[in-house]
>>> print(open('model-v2.txt').read())   # compact mmCIF, C-alpha atoms (C1' of nucleotides)
# COMPACT_ATOMS: atom_id res chain seq x y z
CA MET A 1 -2.12 -7.04 5.64
CA GLN A 2 -3.90 -10.08 6.85
CA ASP A 3 -7.57 -9.58 7.65
CA GLN A 4 -10.13 -9.60 4.88
CA LEU A 5 -11.06 -5.95 5.25
CA SER A 6 -7.47 -4.77 4.95
CA LEU A 7 -7.01 -7.00 1.95
CA THR A 8 -10.10 -5.53 0.34
CA PHE A 9 -9.27 -1.89 1.06
CA SER A 10 -5.74 -2.45 -0.11
CA ALA A 11 -6.93 -3.95 -3.38
CA LEU A 12 -9.27 -1.00 -3.91
CA ALA A 13 -6.57 1.56 -3.21
CA ASP A 14 -5.26 1.38 -6.77
CA PRO A 15 -7.11 3.27 -9.53
CA THR A 16 -6.12 0.70 -12.15
CA ARG A 17 -7.69 -2.06 -10.09
CA ARG A 18 -10.85 -0.05 -9.51
CA ALA A 19 -11.05 0.59 -13.26
CA ILE A 20 -10.74 -3.14 -13.84
CA LEU A 21 -13.63 -3.78 -11.48
CA ALA A 22 -15.68 -1.11 -13.23
CA ARG A 23 -15.02 -2.81 -16.54
CA LEU A 24 -16.01 -6.17 -15.10
CA ALA A 25 -19.31 -4.71 -13.93
CA HIS A 26 -20.27 -4.84 -17.60
CA GLY A 27 -19.38 -8.50 -17.86
CA GLU A 28 -16.44 -10.87 -17.80
CA ALA A 29 -13.35 -10.05 -19.83
CA SER A 30 -10.05 -11.56 -20.91
CA VAL A 31 -6.71 -10.29 -19.65
CA SER A 32 -5.96 -8.77 -23.05
CA GLU A 33 -9.24 -6.89 -23.02
CA LEU A 34 -8.52 -5.64 -19.53
CA THR A 35 -5.03 -4.54 -20.52
CA GLU A 36 -6.06 -2.64 -23.62
CA PRO A 37 -7.30 0.61 -21.96
CA PHE A 38 -4.13 1.04 -19.89
CA ALA A 39 -0.63 2.25 -20.60
CA ILE A 40 0.95 -0.64 -18.73
CA THR A 41 1.99 -4.08 -19.89
CA MET A 42 0.03 -7.30 -19.60
CA PRO A 43 2.23 -8.78 -16.86
CA ALA A 44 1.43 -5.72 -14.75
CA ILE A 45 -2.30 -6.26 -15.29
CA SER A 46 -1.83 -9.93 -14.55
CA ARG A 47 -0.40 -9.00 -11.18
CA HIS A 48 -3.21 -6.56 -10.48
CA LEU A 49 -5.60 -9.40 -11.18
CA LYS A 50 -3.69 -11.55 -8.74
CA VAL A 51 -4.19 -8.91 -6.06
CA LEU A 52 -7.90 -8.68 -6.85
CA GLU A 53 -8.20 -12.45 -6.81
CA ALA A 54 -6.40 -12.71 -3.47
CA ALA A 55 -8.91 -10.20 -2.11
CA GLY A 56 -11.73 -12.32 -3.50
CA LEU A 57 -12.93 -9.52 -5.73
CA VAL A 58 -12.58 -11.48 -8.97
CA THR A 59 -12.67 -15.11 -9.97
CA ARG A 60 -10.95 -16.71 -12.93
CA GLY A 61 -12.16 -19.19 -15.48
CA ARG A 62 -10.69 -21.02 -18.41
CA ASN A 63 -11.89 -20.82 -21.98
CA ALA A 64 -9.36 -22.23 -24.43
CA GLN A 65 -6.22 -20.12 -24.02
CA TYR A 66 -8.20 -17.35 -22.38
CA ARG A 67 -8.50 -16.92 -18.63
CA PRO A 68 -11.71 -14.92 -18.32
CA VAL A 69 -12.02 -12.70 -15.27
CA MET A 70 -15.35 -12.11 -13.53
CA LEU A 71 -16.34 -9.73 -10.81
CA ASP A 72 -17.16 -11.07 -7.37
CA ALA A 73 -18.49 -8.22 -5.30
CA ALA A 74 -19.01 -10.23 -2.11
CA PRO A 75 -16.04 -8.71 -0.24
CA LEU A 76 -17.57 -5.29 -0.80
CA LYS A 77 -20.30 -6.19 1.67
CA GLY A 78 -17.69 -5.83 4.37
CA VAL A 79 -16.66 -2.43 3.05
CA ALA A 80 -20.27 -1.28 2.88
CA SER A 81 -21.02 -2.28 6.43
CA TRP A 82 -17.74 -0.86 7.70
CA VAL A 83 -18.42 2.52 6.12
CA GLU A 84 -22.09 2.45 7.14
CA TYR A 85 -21.06 2.72 10.76
CA TYR A 86 -19.54 6.12 10.03
CA ARG A 87 -22.50 7.51 8.10
CA ARG A 88 -23.77 9.36 11.14
CA PHE A 89 -20.55 11.37 11.17
CA TRP A 90 -21.05 12.80 7.74
CA ASP A 91 -24.79 13.31 7.94
CA GLN A 92 -24.31 16.90 9.03
CA SER A 93 -27.88 17.40 10.19
CA PHE A 94 -28.17 15.75 13.58
CA ASP A 95 -31.94 16.04 13.20
CA ARG A 96 -31.78 13.32 10.59
CA MET A 97 -29.99 10.95 12.91
CA ASP A 98 -33.25 9.60 14.34
CA VAL A 99 -34.69 9.33 10.85
CA TYR A 100 -31.65 7.35 9.79
CA LEU A 101 -31.90 5.05 12.78
CA ALA A 102 -35.60 4.47 12.15
CA GLU A 103 -34.76 3.71 8.54
CA LEU A 104 -32.20 1.19 9.65
CA GLN A 105 -34.67 -0.30 12.10
CA LYS A 106 -37.49 -1.06 9.70
CA GLY A 107 -35.81 -0.50 6.34
CA ASN A 108 -34.44 -2.78 3.67
CA PRO A 109 -33.03 -5.85 5.45
CA ASP A 110 -30.12 -5.87 3.02
CA ASP A 111 -28.83 -2.72 4.66
CA ARG A 112 -28.05 -4.65 7.78
CA LYS A 113 -27.01 -7.93 6.26
CA GLN A 114 -23.51 -9.29 7.00
CA MET B 115 -1.56 7.35 -5.29
CA GLN B 116 -3.02 10.64 -6.21
CA ASP B 117 -6.80 10.77 -6.42
CA GLN B 118 -8.86 11.18 -3.29
CA LEU B 119 -10.47 7.77 -3.45
CA SER B 120 -7.14 5.96 -3.70
CA LEU B 121 -5.86 8.04 -0.83
CA THR B 122 -8.88 7.13 1.26
CA PHE B 123 -8.83 3.41 0.47
CA SER B 124 -5.11 3.30 1.08
CA ALA B 125 -5.52 4.96 4.48
CA LEU B 126 -8.24 2.48 5.39
CA ALA B 127 -6.18 -0.54 4.32
CA ASP B 128 -4.33 -0.63 7.65
CA PRO B 129 -6.04 -2.18 10.68
CA THR B 130 -4.22 0.13 13.08
CA ARG B 131 -5.56 3.16 11.25
CA ARG B 132 -9.08 1.75 11.19
CA ALA B 133 -8.80 1.11 14.94
CA ILE B 134 -7.74 4.72 15.40
CA LEU B 135 -10.81 5.89 13.50
CA ALA B 136 -13.00 3.60 15.59
CA ARG B 137 -11.54 5.12 18.74
CA LEU B 138 -12.12 8.64 17.40
CA ALA B 139 -15.76 7.80 16.77
CA HIS B 140 -16.11 8.07 20.55
CA GLY B 141 -14.55 11.51 20.61
CA GLU B 142 -11.28 13.30 20.07
CA ALA B 143 -8.12 11.92 21.61
CA SER B 144 -4.48 12.80 22.13
CA VAL B 145 -1.65 10.95 20.40
CA SER B 146 -0.66 9.29 23.68
CA GLU B 147 -4.19 8.05 24.19
CA LEU B 148 -4.25 6.71 20.64
CA THR B 149 -0.90 4.99 21.10
CA GLU B 150 -1.79 3.28 24.37
CA PRO B 151 -3.80 0.32 22.96
CA PHE B 152 -1.12 -0.65 20.43
CA ALA B 153 2.18 -2.46 20.62
CA ILE B 154 3.95 0.11 18.49
CA THR B 155 5.75 3.31 19.41
CA MET B 156 4.39 6.82 19.36
CA PRO B 157 6.37 7.88 16.28
CA ALA B 158 4.69 5.06 14.39
CA ILE B 159 1.25 6.25 15.48
CA SER B 160 2.25 9.79 14.61
CA ARG B 161 2.95 8.65 11.07
CA HIS B 162 -0.33 6.76 10.86
CA LEU B 163 -2.03 9.98 11.86
CA LYS B 164 -0.17 11.78 9.12
CA VAL B 165 -1.55 9.29 6.61
CA LEU B 166 -5.07 9.72 7.97
CA GLU B 167 -4.69 13.48 7.90
CA ALA B 168 -3.42 13.47 4.31
CA ALA B 169 -6.52 11.47 3.41
CA GLY B 170 -8.65 14.05 5.19
CA LEU B 171 -9.97 11.47 7.64
CA VAL B 172 -8.79 13.30 10.73
CA THR B 173 -8.08 16.89 11.68
CA ARG B 174 -5.67 18.10 14.30
CA GLY B 175 -6.02 20.75 16.96
CA ARG B 176 -3.78 22.26 19.57
CA ASN B 177 -4.42 22.22 23.29
CA ALA B 178 -1.33 23.14 25.28
CA GLN B 179 1.29 20.53 24.42
CA TYR B 180 -1.40 18.16 23.18
CA ARG B 181 -2.35 17.83 19.53
CA PRO B 182 -5.89 16.44 19.77
CA VAL B 183 -7.05 14.34 16.85
CA MET B 184 -10.65 14.39 15.65
CA LEU B 185 -12.49 12.24 13.16
CA ASP B 186 -13.57 13.76 9.85
CA ALA B 187 -15.68 11.20 8.06
CA ALA B 188 -16.32 13.34 4.97
CA PRO B 189 -14.00 11.32 2.69
CA LEU B 190 -16.01 8.22 3.54
CA LYS B 191 -18.90 9.63 1.51
CA GLY B 192 -16.84 8.85 -1.56
CA VAL B 193 -16.24 5.31 -0.37
CA ALA B 194 -19.93 4.81 0.39
CA SER B 195 -21.02 5.97 -3.03
CA TRP B 196 -18.30 4.00 -4.78
CA VAL B 197 -19.31 0.80 -3.04
CA GLU B 198 -23.01 1.50 -3.49
CA TYR B 199 -22.62 1.12 -7.22
CA TYR B 200 -21.63 -2.51 -6.71
CA ARG B 201 -24.45 -3.38 -4.32
CA ARG B 202 -26.49 -4.93 -7.11
CA PHE B 203 -23.69 -7.47 -7.61
CA TRP B 204 -23.87 -8.84 -4.12
CA ASP B 205 -27.64 -8.72 -3.72
CA GLN B 206 -27.92 -12.33 -4.77
CA SER B 207 -31.63 -12.23 -5.51
CA PHE B 208 -32.03 -10.62 -8.91
CA ASP B 209 -35.73 -10.23 -8.11
CA ARG B 210 -34.79 -7.55 -5.66
CA MET B 211 -32.91 -5.55 -8.25
CA ASP B 212 -36.03 -3.64 -9.30
CA VAL B 213 -36.92 -3.05 -5.65
CA TYR B 214 -33.46 -1.64 -5.09
CA LEU B 215 -33.68 0.64 -8.08
CA ALA B 216 -37.11 1.89 -7.00
CA GLU B 217 -35.68 2.49 -3.55
CA LEU B 218 -32.87 4.52 -5.05
CA GLN B 219 -35.36 6.43 -7.20
CA LYS B 220 -37.65 7.65 -4.44
CA GLY B 221 -35.67 6.83 -1.31
CA ASN B 222 -33.63 8.81 1.16
CA PRO B 223 -31.84 11.56 -0.79
CA ASP B 224 -28.74 10.98 1.33
CA ASP B 225 -28.27 7.66 -0.38
CA ARG B 226 -27.54 9.41 -3.62
CA LYS B 227 -25.70 12.42 -2.28
CA GLN B 228 -22.16 13.10 -3.54
C1' DG C 229 15.43 30.38 31.57
C1' DC C 230 15.20 25.39 33.21
C1' DT C 231 12.54 21.21 33.60
C1' DG C 232 8.95 18.01 32.41
C1' DT C 233 5.44 16.34 29.25
C1' DA C 234 3.65 15.66 24.51
C1' DT C 235 4.62 15.17 20.00
C1' DT C 236 7.21 15.33 15.68
C1' DT C 237 11.24 14.81 12.76
C1' DC C 238 15.57 12.40 11.45
C1' DA C 239 18.29 8.64 10.00
C1' DC C 240 18.00 4.25 9.25
C1' DA C 241 16.45 -0.73 8.20
C1' DA C 242 13.30 -4.16 6.46
C1' DT C 243 9.77 -5.37 3.60
C1' DA C 244 6.02 -4.69 0.20
C1' DA C 245 4.24 -2.87 -4.12
C1' DT C 246 4.56 -1.81 -8.87
C1' DG C 247 6.44 -1.83 -13.23
C1' DT C 248 9.69 -3.68 -17.03
C1' DT C 249 11.61 -7.23 -20.37
C1' DA C 250 12.51 -11.94 -21.43
C1' DA C 251 11.43 -16.64 -20.90
C1' DA C 252 8.09 -20.27 -19.73
C1' DT C 253 3.57 -22.45 -19.86
C1' DA C 254 -1.17 -23.57 -21.92
C1' DA C 255 -4.07 -24.46 -25.36
C1' DC C 256 -5.76 -23.91 -30.22
C1' DT C 257 -4.84 -24.71 -35.33
C1' DG C 258 -3.20 -26.50 -39.25
C1' DC D 259 4.26 -31.88 -33.92
C1' DA D 260 5.24 -26.84 -35.39
C1' DG D 261 3.52 -22.41 -35.16
C1' DT D 262 0.44 -18.92 -33.10
C1' DT D 263 -2.09 -16.68 -29.47
C1' DA D 264 -3.05 -15.79 -24.49
C1' DT D 265 -1.28 -15.55 -20.18
C1' DT D 266 1.86 -16.27 -16.28
C1' DT D 267 6.32 -16.53 -14.02
C1' DA D 268 11.14 -15.03 -13.32
C1' DA D 269 14.62 -11.72 -12.50
C1' DC D 270 15.31 -7.35 -11.73
C1' DA D 271 14.92 -2.13 -10.58
C1' DT D 272 12.53 1.57 -8.30
C1' DT D 273 9.89 3.56 -5.02
C1' DA D 274 6.49 3.27 -0.91
C1' DT D 275 5.31 1.75 3.53
C1' DT D 276 6.07 0.74 8.17
C1' DG D 277 8.63 0.39 12.12
C1' DT D 278 12.67 1.74 15.43
C1' DG D 279 15.60 4.67 18.62
C1' DA D 280 17.57 9.21 19.24
C1' DA D 281 17.24 14.01 18.75
C1' DA D 282 14.46 18.15 17.99
C1' DT D 283 10.41 21.11 18.78
C1' DA D 284 6.31 23.07 21.47
C1' DC D 285 4.23 24.41 25.33
C1' DA D 286 3.38 24.75 30.64
C1' DG D 287 4.80 26.01 35.06
C1' DC D 288 7.90 27.21 38.44
>>> encode(input="model-v2.txt", output="structure tokens")
Amino acid sequence: MQDQLSLTFSALADPTRRAILARLAHGEASVSELTEPFAITMPAISRHLKVLEAAGLVTRGRNAQYRPVMLDAAPLKGVASWVEYYRRFWDQSFDRMDVYLAELQKGNPDDRKQ
Amino acid sequence: MQDQLSLTFSALADPTRRAILARLAHGEASVSELTEPFAITMPAISRHLKVLEAAGLVTRGRNAQYRPVMLDAAPLKGVASWVEYYRRFWDQSFDRMDVYLAELQKGNPDDRKQ
DNA sequence: GCTGTATTTCACAATAATGTTAAATAACTG
DNA sequence: CAGTTATTTAACATTATTGTGAAATACAGC
């Protein structure tokens, strides 16, 4: 595991970590708050956070004895563009392929970004 | 690792497996053909294929002594819709948030599918 | 049936991932 | 500074992952 994309996919491969990200979508949280919904101990969550941080998916702050965790979705751009390449393979109707390409051509610039 | 999404992300976390998928985007291939570009042995590739198959990302056929491998991108729908939820967090311009939501509201139905 | 080609399974080794409990560190609070 | 709260690190156990070489299986063709 070395490249950014592998690091990202690997971090996302765990349901606990995805749940943490989902929680952080509602705003930053402390480690205790993130631990609360799960049946595992705080050190385990702490290590999940380390994995997420290494993947660049969260950043940490400091607020007194708290270490607030915030979402950083930037690495997901890479995932989105990786998966976008394969969209044509699950759009079952080949007739829509040209529509899709046209969409991509003139559409929302964000779709192509990165 | 149990749920489909974890299975999919986990399968995608390896660069060799992603390279295999990229190769299969050009059409089905035999195990030998898939092994050729890599510095690892065929048994190793065979196991990567097993991982991809368990994730539903490839299907296998039989053609004489060959076991052709084909791409099945269906599980990537789940990845696309999972990541789509987080798009708003990497679209740096908050001004575009309403545009994005409007897009989602009226836009291509495929964007919301699954 | 024997031989060659393609692929998988076996037995094994090395390393990574995930969780636990106990101890250490950081910072607030009186 | 002593005590309390929040979090991380250490030491360890368990299980997964990934790779190897050797043997087994599947099929084709003579």
>>> closest_residue(input="model-v2.txt", among="D:DA269, D:DA282, D:DA274, D:DC288", to="chain B", atoms="only C-alpha atoms (C1' of nucleotides)")
D:DA274
>>> atom_distance(input="model-v2.txt", atom1="atom C1' of DG232 of chain C", atom2="atom CA of Asn177 of chain B")
16.7 Å
>>> closest_atom_pairs(input="model-v2.txt", of="chain D", to="chain B", cutoff="12 Å", atoms="only C-alpha atoms (C1' of nucleotides)", output="tab-separated table")
residue	atom	partner	partner_atom	distance
D:DA274	C1'	B:Met115	CA	10.0
D:DT275	C1'	B:Arg161	CA	10.5
D:DT276	C1'	B:Ala158	CA	7.7
D:DG277	C1'	B:Ala158	CA	6.5
D:DT278	C1'	B:Thr155	CA	8.1
D:DG279	C1'	B:Thr155	CA	10.0
D:DA280	C1'	B:Pro157	CA	11.7
D:DT283	C1'	B:Gln179	CA	10.7
D:DA284	C1'	B:Gln179	CA	6.4
D:DC285	C1'	B:Gln179	CA	5.0
D:DA286	C1'	B:Ala178	CA	7.3
D:DG287	C1'	B:Ala178	CA	11.9
>>> closest_atom_pairs(input="model-v2.txt", of="segment 133-207 of chain B", to="segment 75-84 of chain A", cutoff="7 Å", atoms="only C-alpha atoms", output="Markdown table")
| residue | atom | partner | partner_atom | distance |
| --- | --- | --- | --- | --- |
| B:Leu190 | CA | A:Val83 | CA | 6.7 |
| B:Ala194 | CA | A:Val83 | CA | 6.4 |
| B:Val197 | CA | A:Ala80 | CA | 6.3 |
>>> write_last_selection(input="model-v2.txt", atoms="C-alpha atoms", output="tab-separated table (two decimals), in the coordinates of the input")
chain	number	residue	atom	x	y	z
B	190	LEU	CA	-16.01	8.22	3.54
B	194	ALA	CA	-19.93	4.81	0.39
B	197	VAL	CA	-19.31	0.80	-3.04
>>> closest_atom_pairs(input="model-v2.txt", of="chain A", to="chain B", cutoff="7 Å", atoms="only C-alpha atoms", output="Markdown table")
| residue | atom | partner | partner_atom | distance |
| --- | --- | --- | --- | --- |
| A:Ser6 | CA | B:Ala127 | CA | 4.5 |
| A:Leu7 | CA | B:Ala127 | CA | 6.9 |
| A:Phe9 | CA | B:Ala127 | CA | 4.7 |
| A:Ser10 | CA | B:Ala127 | CA | 4.8 |
| A:Leu12 | CA | B:Phe123 | CA | 6.2 |
| A:Ala13 | CA | B:Ser120 | CA | 4.5 |
| A:Asp14 | CA | B:Ser120 | CA | 5.8 |
| A:Pro15 | CA | B:Ser120 | CA | 6.4 |
| A:Ala73 | CA | B:Trp204 | CA | 5.5 |
| A:Ala74 | CA | B:Trp204 | CA | 5.4 |
| A:Leu76 | CA | B:Val197 | CA | 6.7 |
| A:Ala80 | CA | B:Val197 | CA | 6.3 |
| A:Val83 | CA | B:Ala194 | CA | 6.4 |
| A:Tyr86 | CA | B:Ala187 | CA | 6.7 |
| A:Phe89 | CA | B:Ala187 | CA | 5.8 |
| A:Trp90 | CA | B:Ala188 | CA | 5.5 |
>>> interface_residues(input="model-v2.txt", of="chain C", to="chain A", cutoff="12 Å", atoms="all atoms listed in the file", output="ChimeraX atom specification")
/C:244-250,253-256
>>> atom_distance(input="model-v2.txt", atom1="atom CA of Glu150 of chain B", atom2="atom C1' of DT243 of chain C")
25.3 Å
>>> residues_around(input="model-v2.txt", residues="DG261 of chain D", least_positions_apart="2", cutoff="12 Å", atoms="all atoms listed in the file", output="PyMOL selection string")
(chain C and resi 256-258) or (chain D and resi 259+263)
>>> atom_distance(input="model-v2.txt", atom1="atom CA of Leu148 of chain B", atom2="atom CA of Ser160 of chain B")
9.4 Å
